[in-house]
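What follows is the content of entry_24.cif (mmCIF, C-alpha atoms).
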data_coords
loop_
_atom_site.label_atom_id
_atom_site.label_comp_id
_atom_site.auth_asym_id
_atom_site.auth_seq_id
_atom_site.Cartn_x
_atom_site.Cartn_y
_atom_site.Cartn_z
CA MET A 24 25.05 -6.90 -47.35
CA ASP A 25 21.51 -5.86 -46.52
CA MET A 26 19.90 -6.74 -49.85
CA GLU A 27 16.46 -5.80 -48.68
CA ARG A 28 17.41 -2.33 -47.45
CA TYR A 29 19.29 -1.41 -50.61
CA HIS A 30 17.17 -3.38 -53.05
CA ARG A 31 15.74 -0.38 -54.89
CA GLN A 32 19.17 1.00 -55.77
CA ILE A 33 20.83 -2.36 -56.39
CA ILE A 34 18.36 -3.16 -59.17
CA LEU A 35 19.25 0.03 -61.06
CA PRO A 36 20.95 -0.61 -64.42
CA GLY A 37 24.68 -0.03 -64.09
CA PHE A 38 24.58 -0.26 -60.29
CA GLY A 39 24.11 -3.74 -58.88
CA GLU A 40 25.77 -5.42 -55.92
CA ALA A 41 29.16 -4.37 -57.22
CA ALA A 42 28.34 -0.69 -56.72
CA GLN A 43 26.70 -1.37 -53.37
CA ASN A 44 29.90 -3.10 -52.25
CA LYS A 45 31.91 -0.07 -53.28
CA LEU A 46 29.63 2.14 -51.17
CA GLN A 47 30.11 -0.19 -48.22
CA GLN A 48 33.91 0.05 -48.58
CA ALA A 49 33.89 3.80 -48.97
CA LYS A 50 34.94 6.28 -46.29
CA ILE A 51 33.60 9.80 -46.64
CA LEU A 52 34.39 12.76 -44.44
CA VAL A 53 31.72 15.45 -44.21
CA ILE A 54 33.18 18.69 -42.89
CA GLY A 55 30.42 20.80 -41.42
CA ALA A 56 27.15 19.36 -40.11
CA GLY A 57 25.11 22.42 -41.01
CA GLY A 58 22.94 23.41 -43.94
CA LEU A 59 24.94 21.44 -46.50
CA GLY A 60 26.13 18.68 -44.19
CA CYS A 61 22.71 17.63 -42.90
CA PRO A 62 21.13 16.55 -46.19
CA ALA A 63 24.42 15.09 -47.41
CA LEU A 64 24.80 12.98 -44.27
CA GLN A 65 21.26 11.68 -44.48
CA TYR A 66 21.55 10.52 -48.06
CA LEU A 67 25.05 9.09 -47.73
CA ALA A 68 23.98 7.09 -44.68
CA ALA A 69 20.77 5.97 -46.34
CA ALA A 70 22.66 4.80 -49.42
CA GLY A 71 24.91 2.62 -47.30
CA VAL A 72 28.30 4.39 -47.33
CA GLY A 73 30.27 2.18 -44.95
CA THR A 74 32.20 4.81 -42.99
CA ILE A 75 31.16 8.41 -42.51
CA GLY A 76 33.15 10.98 -40.59
CA ILE A 77 31.51 14.19 -39.31
CA VAL A 78 33.50 17.27 -38.31
CA ASP A 79 31.77 20.15 -36.55
CA TYR A 80 32.72 21.98 -33.35
CA ASP A 81 29.49 23.95 -33.10
CA ALA A 82 26.29 23.36 -31.13
CA VAL A 83 22.76 23.33 -32.50
CA ASP A 84 21.16 26.76 -32.43
CA TYR A 85 17.41 27.45 -32.61
CA SER A 86 17.92 29.49 -35.80
CA ASN A 87 19.51 26.42 -37.46
CA LEU A 88 16.28 24.43 -37.41
CA HIS A 89 14.71 26.05 -40.48
CA ARG A 90 17.41 24.47 -42.71
CA GLN A 91 19.47 21.90 -40.79
CA THR A 92 16.83 19.24 -40.89
CA LEU A 93 18.71 16.55 -38.99
CA TYR A 94 18.06 18.47 -35.79
CA SER A 95 14.90 19.05 -33.83
CA ALA A 96 13.97 21.56 -31.15
CA SER A 97 15.05 19.20 -28.38
CA ASP A 98 18.59 19.15 -29.82
CA VAL A 99 19.19 22.87 -29.33
CA GLY A 100 22.38 23.35 -27.34
CA LYS A 101 23.79 19.91 -28.14
CA LEU A 102 26.99 19.42 -30.15
CA LYS A 103 26.25 19.02 -33.86
CA ALA A 104 28.79 16.33 -34.74
CA GLU A 105 27.57 14.02 -31.99
CA THR A 106 23.89 14.76 -32.57
CA ALA A 107 24.18 14.24 -36.32
CA ALA A 108 26.05 11.01 -35.69
CA LYS A 109 23.28 9.80 -33.41
CA LYS A 110 20.57 10.67 -35.93
CA ILE A 111 22.21 8.95 -38.87
CA ASN A 112 23.04 5.97 -36.71
CA GLU A 113 19.29 5.61 -36.11
CA LEU A 114 18.80 5.87 -39.86
CA ASN A 115 21.38 3.19 -40.56
CA ALA A 116 22.95 1.28 -37.67
CA ASP A 117 25.09 -0.86 -40.01
CA ILE A 118 27.54 1.88 -40.93
CA GLN A 119 30.46 3.23 -38.96
CA ILE A 120 30.16 6.86 -37.93
CA ASP A 121 33.04 8.92 -36.53
CA ALA A 122 32.11 12.21 -34.87
CA TYR A 123 34.79 14.88 -34.44
CA SER A 124 33.53 17.72 -32.24
CA THR A 125 36.61 19.72 -33.05
CA LYS A 126 37.63 22.74 -35.07
CA LEU A 127 39.52 21.70 -38.16
CA ASP A 128 42.82 23.54 -38.45
CA ASN A 129 46.43 23.16 -39.60
CA SER A 130 47.26 20.95 -36.64
CA ASN A 131 44.65 18.24 -37.19
CA ALA A 132 43.30 18.47 -40.75
CA LEU A 133 45.86 16.19 -42.38
CA ASP A 134 45.53 13.52 -39.70
CA ILE A 135 41.73 13.48 -39.84
CA ILE A 136 41.37 13.65 -43.62
CA ALA A 137 43.98 10.91 -44.19
CA ASN A 138 41.50 8.33 -42.84
CA TYR A 139 38.95 8.91 -45.60
CA SER A 140 38.81 8.42 -49.36
CA LEU A 141 36.63 11.40 -50.21
CA VAL A 142 35.88 14.74 -48.56
CA LEU A 143 32.70 16.81 -48.68
CA ASP A 144 33.04 20.53 -47.92
CA GLY A 145 30.04 21.74 -45.94
CA THR A 146 31.88 24.61 -44.22
CA ASP A 147 30.76 28.21 -43.99
CA ASN A 148 33.91 30.34 -44.13
CA PHE A 149 36.72 30.94 -46.59
CA ALA A 150 39.69 30.26 -44.36
CA THR A 151 38.43 26.70 -43.74
CA ARG A 152 37.55 26.18 -47.40
CA TYR A 153 41.11 26.98 -48.49
CA LEU A 154 42.51 24.88 -45.66
CA VAL A 155 40.38 21.84 -46.58
CA ASN A 156 41.24 22.32 -50.24
CA ASP A 157 44.98 22.41 -49.63
CA ALA A 158 44.81 19.38 -47.33
CA CYS A 159 42.96 17.43 -50.05
CA VAL A 160 45.51 18.44 -52.69
CA LEU A 161 48.36 17.42 -50.39
CA LEU A 162 46.75 14.06 -49.49
CA ASP A 163 45.34 13.54 -53.00
CA LYS A 164 41.71 13.18 -51.95
CA PRO A 165 38.78 14.24 -54.15
CA LEU A 166 36.90 17.17 -52.66
CA ILE A 167 33.22 17.80 -53.25
CA TYR A 168 32.59 21.49 -52.97
CA GLY A 169 29.30 23.21 -52.16
CA ALA A 170 28.39 26.73 -51.11
CA VAL A 171 25.25 28.86 -50.86
CA LEU A 172 24.16 32.47 -50.50
CA ARG A 173 20.56 33.58 -50.23
CA PHE A 174 18.88 32.03 -53.29
CA GLU A 175 21.88 30.72 -55.19
CA GLY A 176 24.34 27.89 -54.72
CA GLN A 177 27.42 26.30 -56.27
CA ALA A 178 28.69 22.73 -56.31
CA GLY A 179 31.63 20.98 -57.93
CA VAL A 180 34.26 18.28 -57.66
CA PHE A 181 37.90 19.17 -57.12
CA ASN A 182 41.09 17.18 -57.15
CA LEU A 183 39.71 14.31 -59.21
CA ALA A 184 41.53 13.56 -62.45
CA ASP A 185 39.51 13.67 -65.65
CA GLY A 186 40.11 11.48 -68.69
CA ALA A 187 43.14 13.54 -69.64
CA GLY A 188 44.58 13.40 -66.12
CA LEU A 189 43.82 17.05 -65.37
CA LYS A 190 43.01 17.95 -61.77
CA THR A 191 41.88 21.38 -60.66
CA ASN A 192 41.13 22.58 -57.16
CA TYR A 193 39.34 25.37 -55.29
CA ARG A 194 42.26 27.76 -55.77
CA ASP A 195 41.84 27.41 -59.55
CA LEU A 196 38.24 28.51 -59.23
CA PHE A 197 38.82 31.28 -56.70
CA PRO A 198 42.52 32.20 -56.59
CA GLN A 199 41.78 35.15 -54.33
CA PRO A 200 39.52 35.15 -51.30
CA PRO A 201 37.04 38.03 -51.14
CA LEU A 202 37.59 41.05 -48.91
CA PRO A 203 36.05 40.30 -45.50
CA SER A 204 34.05 43.51 -45.82
CA ASP A 205 32.45 42.08 -48.97
CA VAL A 206 31.36 38.81 -47.38
CA PRO A 207 27.84 38.96 -45.98
CA SER A 208 27.68 37.35 -42.54
CA CYS A 209 25.78 34.06 -42.29
CA ALA A 210 23.27 35.69 -40.00
CA GLY A 211 23.05 38.83 -42.10
CA ALA A 212 22.63 37.37 -45.59
CA GLY A 213 19.81 34.91 -45.03
CA VAL A 214 19.09 31.68 -46.89
CA LEU A 215 16.01 29.62 -47.71
CA GLY A 216 16.38 26.19 -46.09
CA VAL A 217 15.71 24.31 -49.30
CA LEU A 218 18.76 25.80 -50.98
CA PRO A 219 21.45 24.10 -48.88
CA GLY A 220 19.09 21.11 -48.91
CA ILE A 221 19.44 20.94 -52.70
CA ILE A 222 23.15 21.77 -52.88
CA GLY A 223 24.03 19.37 -50.04
CA THR A 224 22.07 16.63 -51.78
CA LEU A 225 23.89 17.46 -55.03
CA GLN A 226 27.16 17.02 -53.16
CA ALA A 227 26.03 13.64 -51.83
CA THR A 228 24.99 12.70 -55.38
CA GLU A 229 28.47 13.45 -56.68
CA ALA A 230 29.99 11.39 -53.88
CA LEU A 231 27.80 8.40 -54.72
CA LYS A 232 28.55 8.71 -58.44
CA ILE A 233 32.28 8.81 -57.83
CA ILE A 234 32.28 5.81 -55.49
CA ALA A 235 29.83 3.71 -57.50
CA ASN A 236 31.53 4.76 -60.74
CA ILE A 237 28.31 5.77 -62.45
CA GLY A 238 27.39 8.80 -64.52
CA LYS A 239 29.52 11.87 -65.08
CA PRO A 240 30.88 13.51 -61.91
CA LEU A 241 31.45 17.27 -61.88
CA CYS A 242 35.15 16.72 -62.37
CA ASN A 243 36.87 20.09 -63.04
CA MET A 244 33.39 21.59 -63.24
CA VAL A 245 31.28 23.83 -61.07
CA ILE A 246 27.56 24.25 -61.38
CA THR A 247 25.50 27.15 -60.12
CA TYR A 248 21.81 26.92 -59.34
CA ASN A 249 19.35 29.70 -58.60
CA ILE A 250 16.20 28.54 -56.84
CA LEU A 251 14.19 31.60 -57.82
CA THR A 252 14.81 31.35 -61.55
CA ASN A 253 15.48 27.58 -61.76
CA ARG A 254 18.59 28.30 -63.80
CA PHE A 255 21.45 25.84 -63.76
CA TYR A 256 24.74 26.83 -65.33
CA GLU A 257 27.79 24.62 -65.78
CA PHE A 258 31.31 26.05 -65.90
CA THR A 259 34.60 24.39 -66.70
CA VAL A 260 37.36 25.09 -64.17
CA THR A 261 40.82 25.64 -65.67
CA PRO A 262 44.19 25.62 -63.88
CA CYS A 263 45.40 28.97 -62.54
CA ASN A 264 49.12 28.42 -62.75
CA LYS A 265 50.36 31.59 -61.14
CA ASN A 266 48.76 30.63 -57.83
CA ASN A 267 50.40 27.26 -57.49
CA TYR A 268 53.16 28.66 -55.32
CA LEU A 269 50.62 29.36 -52.60
CA VAL A 270 49.51 25.75 -52.12
CA PRO A 271 51.54 24.14 -49.30
CA LYS A 272 53.80 21.46 -50.79
CA ASN A 273 54.21 19.27 -47.72
CA SER A 274 52.83 18.80 -44.23
CA ALA A 275 55.37 21.20 -42.67
CA GLU A 276 54.37 24.00 -45.05
CA PHE A 277 50.71 23.16 -44.45
CA ALA A 278 51.14 23.40 -40.69
CA ALA A 279 52.84 26.78 -41.11
CA PHE A 280 50.33 28.32 -43.55
CA ASN A 281 48.19 30.95 -41.88
CA TYR A 282 44.73 30.65 -43.48
CA ASP A 283 43.24 33.51 -41.49
CA TRP A 284 46.08 35.72 -42.66
CA PHE A 285 45.53 34.62 -46.25
CA CYS A 286 41.87 35.55 -46.08
CA ASN A 287 42.18 38.70 -44.02
CA LEU A 288 45.49 40.39 -44.15
CA ILE A 289 47.40 39.57 -47.34
CA TYR A 290 47.72 43.03 -48.75
CA ASN A 291 47.63 42.32 -52.44
CA ASN A 292 44.03 41.18 -52.10
CA TYR A 293 43.26 44.77 -51.20
CA GLU A 294 45.04 46.41 -54.09
CA ILE A 295 42.96 47.97 -56.79
CA SER A 296 43.91 48.88 -60.33
CA VAL A 297 43.78 52.39 -61.78
CA SER A 298 40.52 51.44 -63.58
CA GLU A 299 38.87 50.34 -60.37
CA PHE A 300 40.12 53.47 -58.60
CA ASP A 301 38.71 55.73 -61.31
CA ALA A 302 35.41 53.88 -61.20
CA LEU A 303 35.23 54.33 -57.44
CA ARG A 304 35.95 58.07 -57.78
CA LEU A 305 32.67 58.37 -59.64
CA ASN A 306 30.98 56.82 -56.63
CA GLU A 307 30.38 59.37 -53.86
CA SER A 308 31.29 57.29 -50.90
CA ILE A 309 35.07 57.33 -50.97
CA MET A 310 37.86 59.06 -49.14
CA VAL A 311 41.34 59.18 -50.64
CA ILE A 312 44.33 59.41 -48.34
CA ASP A 313 47.72 60.34 -49.83
CA VAL A 314 50.38 58.83 -47.55
CA ARG A 315 53.36 60.59 -49.15
CA GLU A 316 55.35 63.21 -47.25
CA GLN A 317 54.04 66.77 -47.42
CA GLY A 318 55.05 68.58 -50.56
CA GLU A 319 56.05 65.46 -52.53
CA PHE A 320 55.93 65.79 -56.28
CA PRO A 321 53.72 65.49 -58.35
CA PRO A 322 50.84 67.23 -56.58
CA ILE A 323 47.31 65.91 -56.99
CA ASP A 324 44.97 68.47 -58.58
CA GLU A 325 42.70 66.05 -60.36
CA PHE A 326 40.72 64.74 -57.42
CA GLU A 327 40.21 65.39 -53.74
CA CYS A 328 42.41 63.69 -51.22
CA ILE A 329 43.82 64.34 -47.77
CA ASN A 330 47.51 64.04 -47.00
CA ILE A 331 48.42 61.92 -44.01
CA PRO A 332 52.07 60.89 -44.26
CA LEU A 333 52.80 57.20 -43.58
CA GLY A 334 54.49 57.99 -40.27
CA GLN A 335 51.24 59.45 -38.96
CA ILE A 336 48.91 56.75 -40.22
CA THR A 337 49.02 54.68 -37.02
CA ASP A 338 47.55 57.58 -35.04
CA TYR A 339 45.06 58.66 -37.70
CA SER A 340 41.43 57.86 -36.97
CA ILE A 341 38.80 57.09 -39.60
CA GLU A 342 36.06 56.44 -37.07
CA ASP A 343 34.25 59.66 -37.89
CA CYS A 344 34.69 59.11 -41.60
CA SER A 345 31.48 57.81 -43.13
CA ALA A 346 32.96 56.94 -46.53
CA GLU A 347 32.33 53.35 -47.60
CA ASN A 348 35.69 53.07 -49.32
CA ILE A 349 38.97 54.40 -47.95
CA ILE A 350 41.60 54.44 -50.69
CA LEU A 351 45.27 54.85 -49.85
CA ILE A 352 47.67 56.22 -52.44
CA CYS A 353 51.36 56.99 -52.64
CA GLN A 354 53.99 57.33 -55.36
CA SER A 355 54.36 53.70 -56.44
CA GLY A 356 51.94 51.74 -54.29
CA LYS A 357 54.52 50.46 -51.77
CA ARG A 358 53.94 52.91 -48.95
CA SER A 359 50.18 52.78 -49.38
CA ALA A 360 50.38 48.98 -49.09
CA HIS A 361 52.23 49.42 -45.81
CA ALA A 362 49.63 51.96 -44.63
CA LEU A 363 46.99 49.46 -45.65
CA GLU A 364 48.39 46.78 -43.35
CA ILE A 365 48.48 49.23 -40.45
CA MET A 366 44.93 50.44 -41.01
CA ARG A 367 43.46 46.99 -41.66
CA LYS A 368 44.63 45.75 -38.27
CA LYS A 369 42.88 48.68 -36.63
CA TYR A 370 39.76 48.81 -38.79
CA ALA A 371 39.13 45.24 -39.92
CA ALA A 372 35.50 45.85 -40.82
CA ARG A 373 36.12 48.87 -43.06
CA ARG A 374 36.71 48.65 -46.78
CA ILE A 375 40.28 49.92 -47.07
CA LEU A 376 42.08 49.63 -50.39
CA SER A 377 45.46 50.57 -51.84
CA LEU A 378 46.12 51.87 -55.35
CA GLN A 379 48.37 49.40 -57.18
CA GLY A 380 51.18 51.20 -58.95
CA GLY A 381 50.35 54.42 -57.10
CA ILE A 382 50.18 57.93 -58.46
CA SER A 383 52.85 57.10 -61.08
CA GLU A 384 50.61 54.49 -62.63
CA TRP A 385 47.55 56.70 -62.30
CA LYS A 386 49.19 59.70 -63.98
CA LYS A 387 50.33 57.47 -66.87
CA HIS A 388 46.76 56.47 -67.56
CA ASN A 389 45.19 59.85 -66.93
CA SER A 390 47.42 62.46 -68.52
CA ALA A 391 44.56 64.73 -69.54
CA ILE A 392 42.14 64.63 -66.62
CA ARG A 393 40.74 67.81 -65.13
CA LYS A 394 38.97 67.83 -61.74
CA MET B 109 31.06 47.92 -81.77
CA LYS B 110 31.30 44.49 -80.17
CA GLN B 111 28.60 43.63 -77.67
CA HIS B 112 28.94 40.97 -75.01
CA ARG B 113 26.28 39.37 -72.85
CA ILE B 114 27.32 39.21 -69.20
CA LEU B 115 25.85 36.72 -66.71
CA ALA B 116 26.12 37.83 -63.09
CA PHE B 117 25.93 35.53 -60.08
CA GLY B 118 25.61 35.73 -56.32
CA ILE B 119 26.64 38.97 -54.71
CA ILE B 120 27.62 40.49 -58.07
CA ALA B 121 24.08 40.06 -59.38
CA GLU B 122 22.91 41.69 -56.14
CA LYS B 123 25.30 44.64 -56.46
CA ILE B 124 24.33 45.41 -60.04
CA ASP B 125 20.70 44.48 -59.37
CA ALA B 126 20.55 42.25 -62.46
CA ALA B 127 21.31 38.67 -63.46
CA GLU B 128 22.35 39.82 -66.94
CA THR B 129 23.79 42.89 -68.55
CA THR B 130 25.54 43.93 -71.76
CA ILE B 131 28.98 45.46 -72.20
CA GLU B 132 29.88 47.25 -75.44
CA GLY B 133 33.20 47.99 -77.01
CA ALA B 134 35.45 45.40 -75.35
CA ASN B 135 38.04 43.58 -77.45
CA ASP B 136 39.55 41.57 -74.63
CA SER B 137 38.63 40.56 -71.10
CA GLU B 138 40.75 43.24 -69.37
CA GLU B 139 39.09 45.94 -71.45
CA LEU B 140 35.72 44.42 -70.61
CA LEU B 141 36.50 44.67 -66.89
CA ARG B 142 37.61 48.31 -67.26
CA ILE B 143 34.30 49.13 -68.93
CA LEU B 144 32.42 47.04 -66.35
CA TYR B 145 33.97 48.94 -63.42
CA LEU B 146 33.03 52.26 -64.99
CA LYS B 147 29.48 51.09 -65.53
CA TYR B 148 29.26 49.55 -62.04
CA PRO B 149 31.76 51.24 -59.73
CA GLN B 150 30.33 49.27 -56.82
CA LEU B 151 32.14 46.21 -58.23
CA SER B 152 35.58 47.80 -57.84
CA GLY B 153 37.77 45.89 -55.41
CA MET B 154 35.51 42.82 -55.45
CA LYS B 155 37.14 39.47 -56.12
CA PHE B 156 35.45 37.31 -58.69
CA THR B 157 36.26 34.80 -61.39
CA VAL B 158 35.56 35.46 -65.05
CA SER B 159 34.38 32.90 -67.58
CA ILE B 160 34.13 33.04 -71.37
CA ASN B 161 31.55 30.71 -72.87
CA ARG B 162 31.24 28.85 -69.58
CA LYS B 163 34.98 28.24 -69.26
CA ILE B 164 36.93 29.91 -66.44
CA ILE B 165 39.74 32.20 -67.60
CA HIS B 166 42.82 33.48 -65.79
CA GLY B 167 44.55 36.53 -67.24
CA ASN B 168 43.67 38.51 -70.32
CA GLN B 169 41.84 36.80 -73.20
CA LEU B 170 40.68 38.13 -76.54
CA LEU B 171 36.93 38.30 -77.00
CA ALA B 172 35.04 37.30 -80.12
CA GLU B 173 31.64 38.66 -81.08
CA GLY B 174 28.97 36.57 -79.38
CA ASP B 175 31.19 35.35 -76.52
CA GLU B 176 29.19 35.00 -73.30
CA ILE B 177 30.91 36.29 -70.17
CA GLY B 178 30.25 35.02 -66.64
CA LEU B 179 31.12 36.85 -63.40
CA LEU B 180 31.39 34.32 -60.56
CA PRO B 181 31.99 35.52 -57.01
CA PRO B 182 33.00 33.11 -54.25
CA PHE B 183 30.12 31.89 -52.05
CA SER B 184 30.81 31.30 -48.40
CA GLY B 185 27.64 29.87 -46.88
CA GLY B 186 27.23 26.26 -45.82
#

Let me see whether you can do it: turn the structure in this file into structure tokens.
Amino acid sequence: MDMERYHRQIILPGFGEAAQNKLQQAKILVIGAGGLGCPALQYLAAAGVGTIGIVDYDAVDYSNLHRQTLYSASDVGKLKAETAAKKINELNADIQIDAYSTKLDNSNALDIIANYSLVLDGTDNFATRYLVNDACVLLDKPLIYGAVLRFEGQAGVFNLADGAGLKTNYRDLFPQPPLPSDVPSCAGAGVLGVLPGIIGTLQATEALKIIANIGKPLCNMVITYNILTNRFYEFTVTPCNKNNYLVPKNSAEFAAFNYDWFCNLIYNNYEISVSEFDALRLNESIMVIDVREQGEFPPIDEFECINIPLGQITDYSIEDCSAENIILICQSGKRSAHALEIMRKKYAARRILSLQGGISEWKKHNSAIRK
Amino acid sequence: MKQHRILAFGIIAEKIDAAETTIEGANDSEELLRILYLKYPQLSGMKFTVSINRKIIHGNQLLAEGDEIGLLPPFSGG
């Protein structure tokens, strides 16, 4: 053990050589060598984590440099996993670094993650977040979560048992992925470089605490931090039992689970309640399409809608429709859900929703409405 | 009438243009959401997690006077 290099942390009360040994034995996988991954990798390597894996299939882009501080201008165009590995090897040549310049998916996630004792999520899309989460639940690995948007970030620790033995995971925090049309693109939303710097360092902090067995890790907790207001909030994550059926139970189910489908096409993510529908009707930018057959009872007098029967939906174009929200309705919500699937495949970027429970449900709640 | 302080985060705070707001007249969390959607129709269809007094809830929960509600959307960026 390099006593001189790690002297300043070894002398900390509650740390000592014992903790430093634990860091040396530890194997951490950092998924994503971007805004969150870069600071995390630097601090984990500096602290002496013995084995660090880096997964990233992307190459360094010029617009990454304002926040991904492991890279310099001369690295633009080079693969991130390899470049990050090289940089942290220069920082600390005594640790083992594994670079995976590969896209993590159902076919390789379990094999890669199995080699490590702890996983750090530095990814930038929901499909991969759910995939990494499920792999960690299946393999029983703690997962350190982090995410950012503009001036705010979140961090937390999943799949680590607390004193009572309770373990929660990402699906307990966010059982449903957001609608793709509601997710700002990485390029479009913007972020101040310091924000992932802080959140990524928070993630590394949690990793070090867990391995060294010091302090109180964010077990079953998520914190949010806003860099503009300096406000930190801590939330307790509780189990969401009704979603447990969605988590793959074994490697075969994991390999078969379509994460892109889950995030993009599963229709009940696009269903809205009567309350949400009524709220949207007060908003100008909607178009309501009734997919029942012509002349079906009861007629709709209470609000404007156009009637395009389900059989004609495939050929119906909404390209000239400027409405922000397209809401599909039918008698019970079944046909509109079907229409939704058809339209979503054609118009993935549009906000297309289906009324849950249909006109039956709506009429029950709105027996006295006039237009 | 019961009043509840609502903390908004991420894209929800952006959509309602505020980090905090107040909802009146809600006795349980489902009622609170109904009133919230009417006050801020732009939130309809959005997926977010609700907390009561900094604890995540799933499903309908009764609200007491003074309970603080959080609206947490998923963040994607990394």

Once the PyMOL selection byres ((chain A) within 8 of (chain B)) has been evaluated on this model, what residues remain selected, and can you format them as a PDB file with C-alpha atoms, in the coordinates of the input?
ATOM      1  CA  GLY A  55      30.420  20.800 -41.420  1.00  0.00           C
ATOM      2  CA  GLY A  57      25.110  22.420 -41.010  1.00  0.00           C
ATOM      3  CA  GLY A  58      22.940  23.410 -43.940  1.00  0.00           C
ATOM      4  CA  LEU A  59      24.940  21.440 -46.500  1.00  0.00           C
ATOM      5  CA  GLY A  60      26.130  18.680 -44.190  1.00  0.00           C
ATOM      6  CA  GLY A 145      30.040  21.740 -45.940  1.00  0.00           C
ATOM      7  CA  THR A 146      31.880  24.610 -44.220  1.00  0.00           C
ATOM      8  CA  ASP A 147      30.760  28.210 -43.990  1.00  0.00           C
ATOM      9  CA  ASN A 148      33.910  30.340 -44.130  1.00  0.00           C
ATOM     10  CA  PHE A 149      36.720  30.940 -46.590  1.00  0.00           C
ATOM     11  CA  GLY A 169      29.300  23.210 -52.160  1.00  0.00           C
ATOM     12  CA  ALA A 170      28.390  26.730 -51.110  1.00  0.00           C
ATOM     13  CA  VAL A 171      25.250  28.860 -50.860  1.00  0.00           C
ATOM     14  CA  LEU A 172      24.160  32.470 -50.500  1.00  0.00           C
ATOM     15  CA  GLU A 175      21.880  30.720 -55.190  1.00  0.00           C
ATOM     16  CA  GLY A 176      24.340  27.890 -54.720  1.00  0.00           C
ATOM     17  CA  GLN A 177      27.420  26.300 -56.270  1.00  0.00           C
ATOM     18  CA  LEU A 196      38.240  28.510 -59.230  1.00  0.00           C
ATOM     19  CA  PHE A 197      38.820  31.280 -56.700  1.00  0.00           C
ATOM     20  CA  GLN A 199      41.780  35.150 -54.330  1.00  0.00           C
ATOM     21  CA  PRO A 200      39.520  35.150 -51.300  1.00  0.00           C
ATOM     22  CA  PRO A 201      37.040  38.030 -51.140  1.00  0.00           C
ATOM     23  CA  LEU A 202      37.590  41.050 -48.910  1.00  0.00           C
ATOM     24  CA  ASP A 205      32.450  42.080 -48.970  1.00  0.00           C
ATOM     25  CA  VAL A 206      31.360  38.810 -47.380  1.00  0.00           C
ATOM     26  CA  CYS A 209      25.780  34.060 -42.290  1.00  0.00           C
ATOM     27  CA  PRO A 219      21.450  24.100 -48.880  1.00  0.00           C
ATOM     28  CA  GLU A 257      27.790  24.620 -65.780  1.00  0.00           C
ATOM     29  CA  PHE A 258      31.310  26.050 -65.900  1.00  0.00           C
ATOM     30  CA  THR A 259      34.600  24.390 -66.700  1.00  0.00           C
ATOM     31  CA  VAL A 260      37.360  25.090 -64.170  1.00  0.00           C
ATOM     32  CA  THR A 261      40.820  25.640 -65.670  1.00  0.00           C
ATOM     33  CA  CYS A 263      45.400  28.970 -62.540  1.00  0.00           C
ATOM     34  CA  TYR A 293      43.260  44.770 -51.200  1.00  0.00           C
ATOM     35  CA  GLU A 294      45.040  46.410 -54.090  1.00  0.00           C
ATOM     36  CA  ILE A 295      42.960  47.970 -56.790  1.00  0.00           C
ATOM     37  CA  SER A 298      40.520  51.440 -63.580  1.00  0.00           C
ATOM     38  CA  GLU A 299      38.870  50.340 -60.370  1.00  0.00           C
ATOM     39  CA  PHE A 300      40.120  53.470 -58.600  1.00  0.00           C
ATOM     40  CA  ASP A 301      38.710  55.730 -61.310  1.00  0.00           C
ATOM     41  CA  ALA A 302      35.410  53.880 -61.200  1.00  0.00           C
ATOM     42  CA  LEU A 303      35.230  54.330 -57.440  1.00  0.00           C
ATOM     43  CA  LEU A 305      32.670  58.370 -59.640  1.00  0.00           C
ATOM     44  CA  ASN A 306      30.980  56.820 -56.630  1.00  0.00           C
ATOM     45  CA  LEU A 376      42.080  49.630 -50.390  1.00  0.00           C
TER      46      LEU A 376
END

By how many Å are CA of Val214 in chain A and CA of Arg373 in chain A apart?
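If I compute the distance from CA of Val214 in chain A to CA of Arg373 in chain A, I get 24.5 Å.
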
Find the residues near Ile350 in chain A: any atom within 10 Å, counting all atoms listed in the file, skip ones fewer than 3 places away on the same chain, and give them as a list in words.
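Those residues are Tyr293, Glu294, Ile295, Phe300, Leu303, Arg304, Ile309, Met310, Val311, Ile312, Asp313, Cys328, Ala346, Glu347, Ser359, Leu363, Arg374, Ile375, Leu376, Ser377 and Leu378 of chain A.
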
Could you tell me which residues the PyMOL selection byres ((chain A and resi 369) around 12) grabs in this file, written as a VMD selection string?
chain A and resid 288 336 to 342 362 to 368 370 to 375

At a cut-off of 10 Å from (38.0, 24.2, -31.2) in the coordinates of the file, what residues are picked up using all atoms listed in the file, written as an NGL selection string?
:A and (79-81 or 124-128)

Find the distance between CA of Gly186 in chain A and CA of Ile234 in chain A and write it in Å to one decimal.
16.4 Å

Any chance you could work out the axis-aligned box around range 144-162 of chain B, listed atoms only, 6 Å on each side, giving centre and edge lengths in Å to one decimal, as AutoDock Vina command-line options?
--center_x 33.5 --center_y 40.6 --center_z -64.1 --size_x 20.5 --size_y 35.4 --size_z 29.5

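Note that the spacing between CA of Lys110 in chain B and CA of Asn135 in chain B amounts to 7.3 Å.
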